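Next up, protein_25.pdb (PDB, C-alpha atoms and all ligand atoms):
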ATOM      1  CA  MET A   1      34.198 150.935  48.755
ATOM      2  CA  THR A   2      36.926 152.838  46.923
ATOM      3  CA  GLN A   3      36.732 151.951  43.247
ATOM      4  CA  ARG A   4      39.892 150.800  41.508
ATOM      5  CA  VAL A   5      40.145 152.475  38.103
ATOM      6  CA  ALA A   6      42.309 151.412  35.145
ATOM      7  CA  ILE A   7      42.825 153.956  32.354
ATOM      8  CA  LEU A   8      43.615 152.946  28.758
ATOM      9  CA  ILE A   9      45.419 155.444  26.526
ATOM     10  CA  SER A  10      47.150 155.584  23.136
ATOM     11  CA  GLY A  11      48.550 159.104  22.990
ATOM     12  CA  SER A  12      48.957 162.299  24.937
ATOM     13  CA  GLY A  13      46.806 161.213  27.859
ATOM     14  CA  SER A  14      45.448 164.629  28.773
ATOM     15  CA  ASN A  15      42.087 163.112  29.771
ATOM     16  CA  MET A  16      43.942 160.487  31.822
ATOM     17  CA  VAL A  17      45.752 163.283  33.702
ATOM     18  CA  SER A  18      42.465 165.037  34.455
ATOM     19  CA  LEU A  19      40.961 161.756  35.726
ATOM     20  CA  VAL A  20      43.949 160.965  37.952
ATOM     21  CA  LYS A  21      44.047 164.458  39.428
ATOM     22  CA  ALA A  22      40.303 164.438  40.083
ATOM     23  CA  MET A  23      40.383 161.009  41.731
ATOM     24  CA  ARG A  24      43.110 162.217  44.054
ATOM     25  CA  ALA A  25      41.178 165.282  45.112
ATOM     26  CA  ALA A  26      38.966 165.133  48.169
ATOM     27  CA  ASP A  27      35.538 163.531  47.996
ATOM     28  CA  PHE A  28      36.189 161.137  45.108
ATOM     29  CA  ASP A  29      35.934 157.506  46.123
ATOM     30  CA  ALA A  30      38.164 156.098  43.386
ATOM     31  CA  ASN A  31      41.815 155.365  42.892
ATOM     32  CA  PRO A  32      43.795 155.095  39.637
ATOM     33  CA  VAL A  33      45.544 151.697  39.772
ATOM     34  CA  VAL A  34      47.149 151.487  36.322
ATOM     35  CA  VAL A  35      47.520 153.338  33.026
ATOM     36  CA  LEU A  36      47.812 150.907  30.114
ATOM     37  CA  SER A  37      48.855 151.908  26.589
ATOM     38  CA  ASN A  38      48.903 149.942  23.332
ATOM     39  CA  ASN A  39      51.559 152.375  22.156
ATOM     40  CA  PRO A  40      54.956 152.281  23.884
ATOM     41  CA  ASP A  41      55.664 155.840  22.660
ATOM     42  CA  ALA A  42      52.468 157.368  24.080
ATOM     43  CA  THR A  43      53.563 160.540  25.861
ATOM     44  CA  GLY A  44      50.791 159.921  28.387
ATOM     45  CA  LEU A  45      52.881 157.085  29.853
ATOM     46  CA  GLN A  46      55.482 159.585  31.103
ATOM     47  CA  LYS A  47      52.701 161.756  32.526
ATOM     48  CA  ALA A  48      51.261 158.764  34.392
ATOM     49  CA  LYS A  49      54.687 157.890  35.799
ATOM     50  CA  ALA A  50      55.201 161.497  36.899
ATOM     51  CA  LEU A  51      51.874 161.229  38.736
ATOM     52  CA  GLY A  52      53.063 158.037  40.421
ATOM     53  CA  VAL A  53      50.574 155.742  38.659
ATOM     54  CA  ALA A  54      51.677 152.253  37.565
ATOM     55  CA  THR A  55      52.025 151.926  33.788
ATOM     56  CA  GLU A  56      51.797 148.973  31.422
ATOM     57  CA  VAL A  57      52.287 148.588  27.682
ATOM     58  CA  VAL A  58      50.676 145.939  25.516
ATOM     59  CA  ASP A  59      52.013 146.795  22.063
ATOM     60  CA  HIS A  60      49.355 145.863  19.491
ATOM     61  CA  ARG A  61      52.010 145.632  16.768
ATOM     62  CA  GLU A  62      53.398 142.515  18.405
ATOM     63  CA  TYR A  63      50.057 140.772  17.780
ATOM     64  CA  LYS A  64      50.118 141.322  13.987
ATOM     65  CA  GLY A  65      46.391 141.837  13.586
ATOM     66  CA  ASP A  66      45.350 139.095  16.025
ATOM     67  CA  ARG A  67      42.946 141.278  17.978
ATOM     68  CA  ALA A  68      41.696 138.387  20.110
ATOM     69  CA  ALA A  69      45.229 137.642  21.343
ATOM     70  CA  PHE A  70      45.970 141.344  21.911
ATOM     71  CA  ASP A  71      42.761 141.803  23.897
ATOM     72  CA  ALA A  72      43.384 138.608  25.895
ATOM     73  CA  LYS A  73      46.796 139.917  26.913
ATOM     74  CA  MET A  74      45.335 143.305  27.867
ATOM     75  CA  HIS A  75      42.665 141.533  29.879
ATOM     76  CA  ASP A  76      45.280 139.505  31.781
ATOM     77  CA  VAL A  77      47.429 142.562  32.494
ATOM     78  CA  LEU A  78      44.408 144.550  33.644
ATOM     79  CA  CYS A  79      43.155 141.707  35.868
ATOM     80  CA  SER A  80      46.450 141.724  37.754
ATOM     81  CA  TYR A  81      45.478 145.211  39.011
ATOM     82  CA  GLU A  82      41.949 144.094  39.985
ATOM     83  CA  PRO A  83      40.167 147.138  38.553
ATOM     84  CA  ASP A  84      36.481 147.770  39.206
ATOM     85  CA  ILE A  85      36.157 150.268  36.349
ATOM     86  CA  ILE A  86      37.998 150.749  33.048
ATOM     87  CA  CYS A  87      38.186 154.251  31.552
ATOM     88  CA  LEU A  88      39.118 154.520  27.884
ATOM     89  CA  ALA A  89      40.796 157.905  27.433
ATOM     90  CA  GLY A  90      41.981 158.388  23.877
ATOM     91  CA  PHE A  91      42.452 154.625  23.434
ATOM     92  CA  MET A  92      42.573 154.183  19.676
ATOM     93  CA  ARG A  93      42.079 150.419  19.217
ATOM     94  CA  ILE A  94      38.725 148.824  18.546
ATOM     95  CA  LEU A  95      38.021 146.234  21.231
ATOM     96  CA  THR A  96      36.693 142.738  20.551
ATOM     97  CA  PRO A  97      33.166 141.905  21.779
ATOM     98  CA  LYS A  98      34.713 139.366  24.154
ATOM     99  CA  PHE A  99      36.898 141.993  25.832
ATOM    100  CA  VAL A 100      33.937 144.373  26.096
ATOM    101  CA  ASP A 101      31.751 141.579  27.525
ATOM    102  CA  ASN A 102      34.327 140.877  30.220
ATOM    103  CA  TRP A 103      33.933 144.461  31.481
ATOM    104  CA  SER A 104      30.280 144.850  30.632
ATOM    105  CA  GLY A 105      28.735 147.842  32.412
ATOM    106  CA  LYS A 106      32.105 148.711  33.945
ATOM    107  CA  MET A 107      33.881 150.392  31.030
ATOM    108  CA  LEU A 108      33.531 154.071  30.064
ATOM    109  CA  ASN A 109      34.792 156.077  27.092
ATOM    110  CA  ILE A 110      35.026 159.757  26.235
ATOM    111  CA  HIS A 111      34.166 160.758  22.683
ATOM    112  CA  PRO A 112      34.679 164.227  21.171
ATOM    113  CA  ALA A 113      31.177 164.688  19.758
ATOM    114  CA  LEU A 114      27.585 164.930  20.886
ATOM    115  CA  LEU A 115      26.698 161.256  20.504
ATOM    116  CA  PRO A 116      24.802 159.747  18.787
ATOM    117  CA  LYS A 117      26.194 162.217  16.243
ATOM    118  CA  TYR A 118      29.613 161.570  14.719
ATOM    119  CA  LYS A 119      30.678 158.183  15.973
ATOM    120  CA  GLY A 120      34.201 157.222  14.932
ATOM    121  CA  LEU A 121      36.961 159.571  13.784
ATOM    122  CA  ASP A 122      37.266 163.166  12.456
ATOM    123  CA  THR A 123      34.347 164.323  14.583
ATOM    124  CA  HIS A 124      35.209 168.026  14.543
ATOM    125  CA  GLN A 125      35.689 168.272  10.783
ATOM    126  CA  ARG A 126      32.440 166.373  10.239
ATOM    127  CA  ALA A 127      30.563 168.783  12.537
ATOM    128  CA  LEU A 128      32.028 171.768  10.644
ATOM    129  CA  ASP A 129      31.263 170.223   7.239
ATOM    130  CA  ALA A 130      27.649 169.652   8.319
ATOM    131  CA  GLY A 131      27.280 173.334   9.234
ATOM    132  CA  ASP A 132      26.507 172.522  12.886
ATOM    133  CA  THR A 133      26.426 175.411  15.329
ATOM    134  CA  VAL A 134      27.147 173.285  18.347
ATOM    135  CA  ALA A 135      29.664 170.515  19.017
ATOM    136  CA  GLY A 136      30.736 168.890  22.250
ATOM    137  CA  CYS A 137      31.805 165.745  24.032
ATOM    138  CA  SER A 138      30.150 162.682  25.532
ATOM    139  CA  VAL A 139      30.990 160.034  28.106
ATOM    140  CA  HIS A 140      29.301 156.701  27.473
ATOM    141  CA  ILE A 141      29.244 153.117  28.628
ATOM    142  CA  VAL A 142      31.260 150.966  26.235
ATOM    143  CA  THR A 143      29.386 148.293  24.309
ATOM    144  CA  ALA A 144      30.604 146.088  21.468
ATOM    145  CA  GLU A 145      29.241 148.532  18.890
ATOM    146  CA  LEU A 146      31.612 151.503  18.460
ATOM    147  CA  ASP A 147      30.596 154.662  20.372
ATOM    148  CA  ALA A 148      27.047 153.348  20.738
ATOM    149  CA  GLY A 149      26.549 152.641  24.462
ATOM    150  CA  SER A 150      24.376 154.703  26.821
ATOM    151  CA  VAL A 151      25.527 158.288  27.215
ATOM    152  CA  ILE A 152      26.046 159.165  30.891
ATOM    153  CA  GLY A 153      27.313 162.721  30.453
ATOM    154  CA  GLN A 154      27.531 165.338  27.721
ATOM    155  CA  THR A 155      28.778 168.922  27.378
ATOM    156  CA  GLU A 156      27.926 171.230  24.490
ATOM    157  CA  VAL A 157      30.517 173.571  22.988
ATOM    158  CA  PRO A 158      29.473 176.323  20.553
ATOM    159  CA  ILE A 159      30.990 176.316  17.074
ATOM    160  CA  LEU A 160      32.295 179.812  16.330
ATOM    161  CA  ASP A 161      32.706 181.618  13.016
ATOM    162  CA  GLY A 162      36.088 180.774  11.556
ATOM    163  CA  ASP A 163      36.526 177.614  13.627
ATOM    164  CA  THR A 164      38.784 174.963  12.152
ATOM    165  CA  ALA A 165      38.888 171.356  13.296
ATOM    166  CA  GLU A 166      41.924 172.345  15.376
ATOM    167  CA  THR A 167      40.423 175.389  17.114
ATOM    168  CA  LEU A 168      37.220 173.482  17.800
ATOM    169  CA  ALA A 169      39.125 170.455  19.121
ATOM    170  CA  ALA A 170      41.070 172.698  21.495
ATOM    171  CA  ARG A 171      37.850 174.159  22.897
ATOM    172  CA  VAL A 172      36.152 170.746  23.147
ATOM    173  CA  ILE A 173      39.054 169.053  24.930
ATOM    174  CA  GLU A 174      38.981 171.683  27.680
ATOM    175  CA  GLN A 175      35.425 170.540  28.366
ATOM    176  CA  GLU A 176      36.396 166.858  28.106
ATOM    177  CA  HIS A 177      38.805 167.424  30.985
ATOM    178  CA  LYS A 178      35.903 168.593  33.159
ATOM    179  CA  LEU A 179      33.250 166.198  31.869
ATOM    180  CA  TYR A 180      35.108 162.894  32.250
ATOM    181  CA  PRO A 181      35.913 163.261  35.969
ATOM    182  CA  SER A 182      32.393 164.443  36.762
ATOM    183  CA  ALA A 183      30.797 161.619  34.730
ATOM    184  CA  LEU A 184      33.061 159.068  36.442
ATOM    185  CA  LYS A 185      32.096 160.444  39.837
ATOM    186  CA  ASP A 186      28.396 160.240  38.944
ATOM    187  CA  PHE A 187      28.921 156.683  37.674
ATOM    188  CA  ILE A 188      30.574 155.635  40.928
ATOM    189  CA  THR A 189      27.943 157.216  43.149
ATOM    190  CA  ARG A 190      24.943 156.168  40.993
TER
HETATM  191  C1  LIG B 201      40.162 163.041  23.084
HETATM  192  O1  LIG B 201      39.658 164.039  22.251
HETATM  193  C2  LIG B 201      39.135 161.949  23.267
HETATM  194  O2  LIG B 201      37.820 162.415  23.279
HETATM  195  C3  LIG B 201      39.366 161.102  22.059
HETATM  196  O3  LIG B 201      40.774 161.108  21.873
HETATM  197  C4  LIG B 201      41.322 162.295  22.430
HETATM  198  C5  LIG B 201      42.362 161.866  23.415
HETATM  199  O4  LIG B 201      43.119 162.934  23.922
HETATM  200  N1  LIG B 201      38.790 159.793  22.242
HETATM  201  P1  LIG B 201      44.062 162.701  25.179
HETATM  202  O5  LIG B 201      44.980 161.519  24.868
HETATM  203  O6  LIG B 201      43.206 162.459  26.376
HETATM  204  O7  LIG B 201      44.863 163.973  25.306
END

Kindly present the structure from the file in structure tokens form.
Ligand code: GRF
Amino acid sequence: MTQRVAILISGSGSNMVSLVKAMRAADFDANPVVVLSNNPDATGLQKAKALGVATEVVDHREYKGDRAAFDAKMHDVLCSYEPDIICLAGFMRILTPKFVDNWSGKMLNIHPALLPKYKGLDTHQRALDAGDTVAGCSVHIVTAELDAGSVIGQTEVPILDGDTAETLAARVIEQEHKLYPSALKDFITR
């Protein structure tokens, strides 16, 4: 059965665009049903609209730190689209265990590092500071612990002499755009 996929973003949404385009290509039994952002100014929202995907905003600032209420609202909005799978794609809010439990085993995230290395933020700078010769990106199942769920796909990217966090990020995100659709497809056909 065609899987209904909701995508959560906070910013530019380039991974969301790659997911939507891949799902619409032949031989991908999934359909993007909504793009939800916590940030009303996320430029990804315009990209989703241009692709003809429904958009929703649940602005976390209106919840003044009440994460449970924010997550409950997101859950309600998402449920109205009856998604089978949630893809976090540059979604920059930490989710409550209750929200994660509600979508247990059905929520994926892309992270710009070779997990279990460099959970959290500033992954590229941390890889450079550590003197690593290889960086990369990972897709994993979301669990309540940040960036800690099972990895279902990973791509390595070499670190080159003279790389900065910016040049490395640019090379890694190109691979993210390939990895996330292929990991989602594997997840659906598992
Ligand atoms: C990506 O690097 C992703 O791995 C990280 O946040 C960034 C989002 O970029 N979680 P975009 O919004 O998909 O362009």

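Against the coordinates shown, the PyMOL selection byres (((chain A and resi 60-68) around 12) and not hetatm) returns Ser10, Leu36, Ser37, Asn38, Asn39, Pro40, Val57, Val58, Asp59, Ala69, Phe70, Asp71, Ala72, Lys73, Met74, His75, Phe91, Met92, Arg93, Ile94, Leu95, Thr96, Pro97, Lys98, Phe99 and Val100 of chain A.
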
Could you save those same residues with C-alpha atoms as a JSON list (two decimals), keeping the file's coordinate frame?
[["chain", "number", "residue", "atom", "x", "y", "z"],
["A", 10, "SER", "CA", 47.15, 155.58, 23.14],
["A", 36, "LEU", "CA", 47.81, 150.91, 30.11],
["A", 37, "SER", "CA", 48.86, 151.91, 26.59],
["A", 38, "ASN", "CA", 48.90, 149.94, 23.33],
["A", 39, "ASN", "CA", 51.56, 152.38, 22.16],
["A", 40, "PRO", "CA", 54.96, 152.28, 23.88],
["A", 57, "VAL", "CA", 52.29, 148.59, 27.68],
["A", 58, "VAL", "CA", 50.68, 145.94, 25.52],
["A", 59, "ASP", "CA", 52.01, 146.79, 22.06],
["A", 69, "ALA", "CA", 45.23, 137.64, 21.34],
["A", 70, "PHE", "CA", 45.97, 141.34, 21.91],
["A", 71, "ASP", "CA", 42.76, 141.80, 23.90],
["A", 72, "ALA", "CA", 43.38, 138.61, 25.90],
["A", 73, "LYS", "CA", 46.80, 139.92, 26.91],
["A", 74, "MET", "CA", 45.34, 143.30, 27.87],
["A", 75, "HIS", "CA", 42.66, 141.53, 29.88],
["A", 91, "PHE", "CA", 42.45, 154.62, 23.43],
["A", 92, "MET", "CA", 42.57, 154.18, 19.68],
["A", 93, "ARG", "CA", 42.08, 150.42, 19.22],
["A", 94, "ILE", "CA", 38.72, 148.82, 18.55],
["A", 95, "LEU", "CA", 38.02, 146.23, 21.23],
["A", 96, "THR", "CA", 36.69, 142.74, 20.55],
["A", 97, "PRO", "CA", 33.17, 141.90, 21.78],
["A", 98, "LYS", "CA", 34.71, 139.37, 24.15],
["A", 99, "PHE", "CA", 36.90, 141.99, 25.83],
["A", 100, "VAL", "CA", 33.94, 144.37, 26.10]]

**Prompt:** So which residues get picked by the PyMOL selection byres (((not hetatm)) within 7 of (chain B and resi 201)) here, written as a ChimeraX atom specification?
**Reply:** /A:9-16,44,89-91,110-112,137,173,176

**Request:** Would you list the residues near (35.7, 163.9, 46.0) (no more than 12 Å away, in the coordinates of the file, using only C-alpha atoms) as a list in words?
**Result:** Thr2, Leu19, Val20, Lys21, Ala22, Met23, Arg24, Ala25, Ala26, Asp27, Phe28, Asp29, Ala30, Asn31, Pro181, Ser182, Leu184, Lys185, Asp186, Ile188 and Thr189 of chain A

Same residues, C-alpha atoms, output as a PDB file, keeping the file's coordinate frame:
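New file part.pdb:
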ATOM      1  CA  THR A   2      36.926 152.838  46.923  1.00  0.00           C
ATOM      2  CA  LEU A  19      40.961 161.756  35.726  1.00  0.00           C
ATOM      3  CA  VAL A  20      43.949 160.965  37.952  1.00  0.00           C
ATOM      4  CA  LYS A  21      44.047 164.458  39.428  1.00  0.00           C
ATOM      5  CA  ALA A  22      40.303 164.438  40.083  1.00  0.00           C
ATOM      6  CA  MET A  23      40.383 161.009  41.731  1.00  0.00           C
ATOM      7  CA  ARG A  24      43.110 162.217  44.054  1.00  0.00           C
ATOM      8  CA  ALA A  25      41.178 165.282  45.112  1.00  0.00           C
ATOM      9  CA  ALA A  26      38.966 165.133  48.169  1.00  0.00           C
ATOM     10  CA  ASP A  27      35.538 163.531  47.996  1.00  0.00           C
ATOM     11  CA  PHE A  28      36.189 161.137  45.108  1.00  0.00           C
ATOM     12  CA  ASP A  29      35.934 157.506  46.123  1.00  0.00           C
ATOM     13  CA  ALA A  30      38.164 156.098  43.386  1.00  0.00           C
ATOM     14  CA  ASN A  31      41.815 155.365  42.892  1.00  0.00           C
ATOM     15  CA  PRO A 181      35.913 163.261  35.969  1.00  0.00           C
ATOM     16  CA  SER A 182      32.393 164.443  36.762  1.00  0.00           C
ATOM     17  CA  LEU A 184      33.061 159.068  36.442  1.00  0.00           C
ATOM     18  CA  LYS A 185      32.096 160.444  39.837  1.00  0.00           C
ATOM     19  CA  ASP A 186      28.396 160.240  38.944  1.00  0.00           C
ATOM     20  CA  ILE A 188      30.574 155.635  40.928  1.00  0.00           C
ATOM     21  CA  THR A 189      27.943 157.216  43.149  1.00  0.00           C
TER      22      THR A 189
END

Hey, can I get the axis-aligned box for region 172-185 of chain A? All listed atoms, 8 Å padding on each side, centre and edge lengths in Å to one decimal, as AutoDock Vina command-line options.
--center_x 34.9 --center_y 165.4 --center_z 31.5 --size_x 24.3 --size_y 28.6 --size_z 32.7

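A straight line drawn from CA of Ser150 (chain A) to CA of Met107 (chain A) is 11.3 Å long.
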
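Minimum atom-to-atom distance to Asp84 (chain A), evaluated using only C-alpha atoms, belongs to A:Lys106 out of A:Lys106, A:Lys117, A:His140, A:Arg126.
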
**Item:** Contacts of Glu166 (chain A) at 12 Å (all atoms listed in the file; same-chain gap of 3+ positions) as a VMD selection string
**Value:** chain A and resid 122 to 125 128 159 162 to 163 169 to 173

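Using all atoms listed in the file for every distance, the candidate list A:Thr143, A:Leu51, A:Gly120, A:Arg4 yields A:Leu51 as the residue closest to Ser18 (chain A).
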
**Message:** Which residues would end up in the selection if the PyMOL selection byres (((chain A and resi 114) around 10) and not hetatm) were applied here, given that I need the answer as a PyMOL selection string?
**Reply:** chain A and resi 111-113+115-119+123+127+134-139+151+153-157

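Between CA of Ile141 (chain A) and CA of Gln3 (chain A) the separation is 16.5 Å.
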
**Message:** So the first atom is CA of Val35 (chain A) and the second is CA of Ile7 (chain A); what is the distance between them in Å, to one decimal place?
**Reply:** 4.8 Å
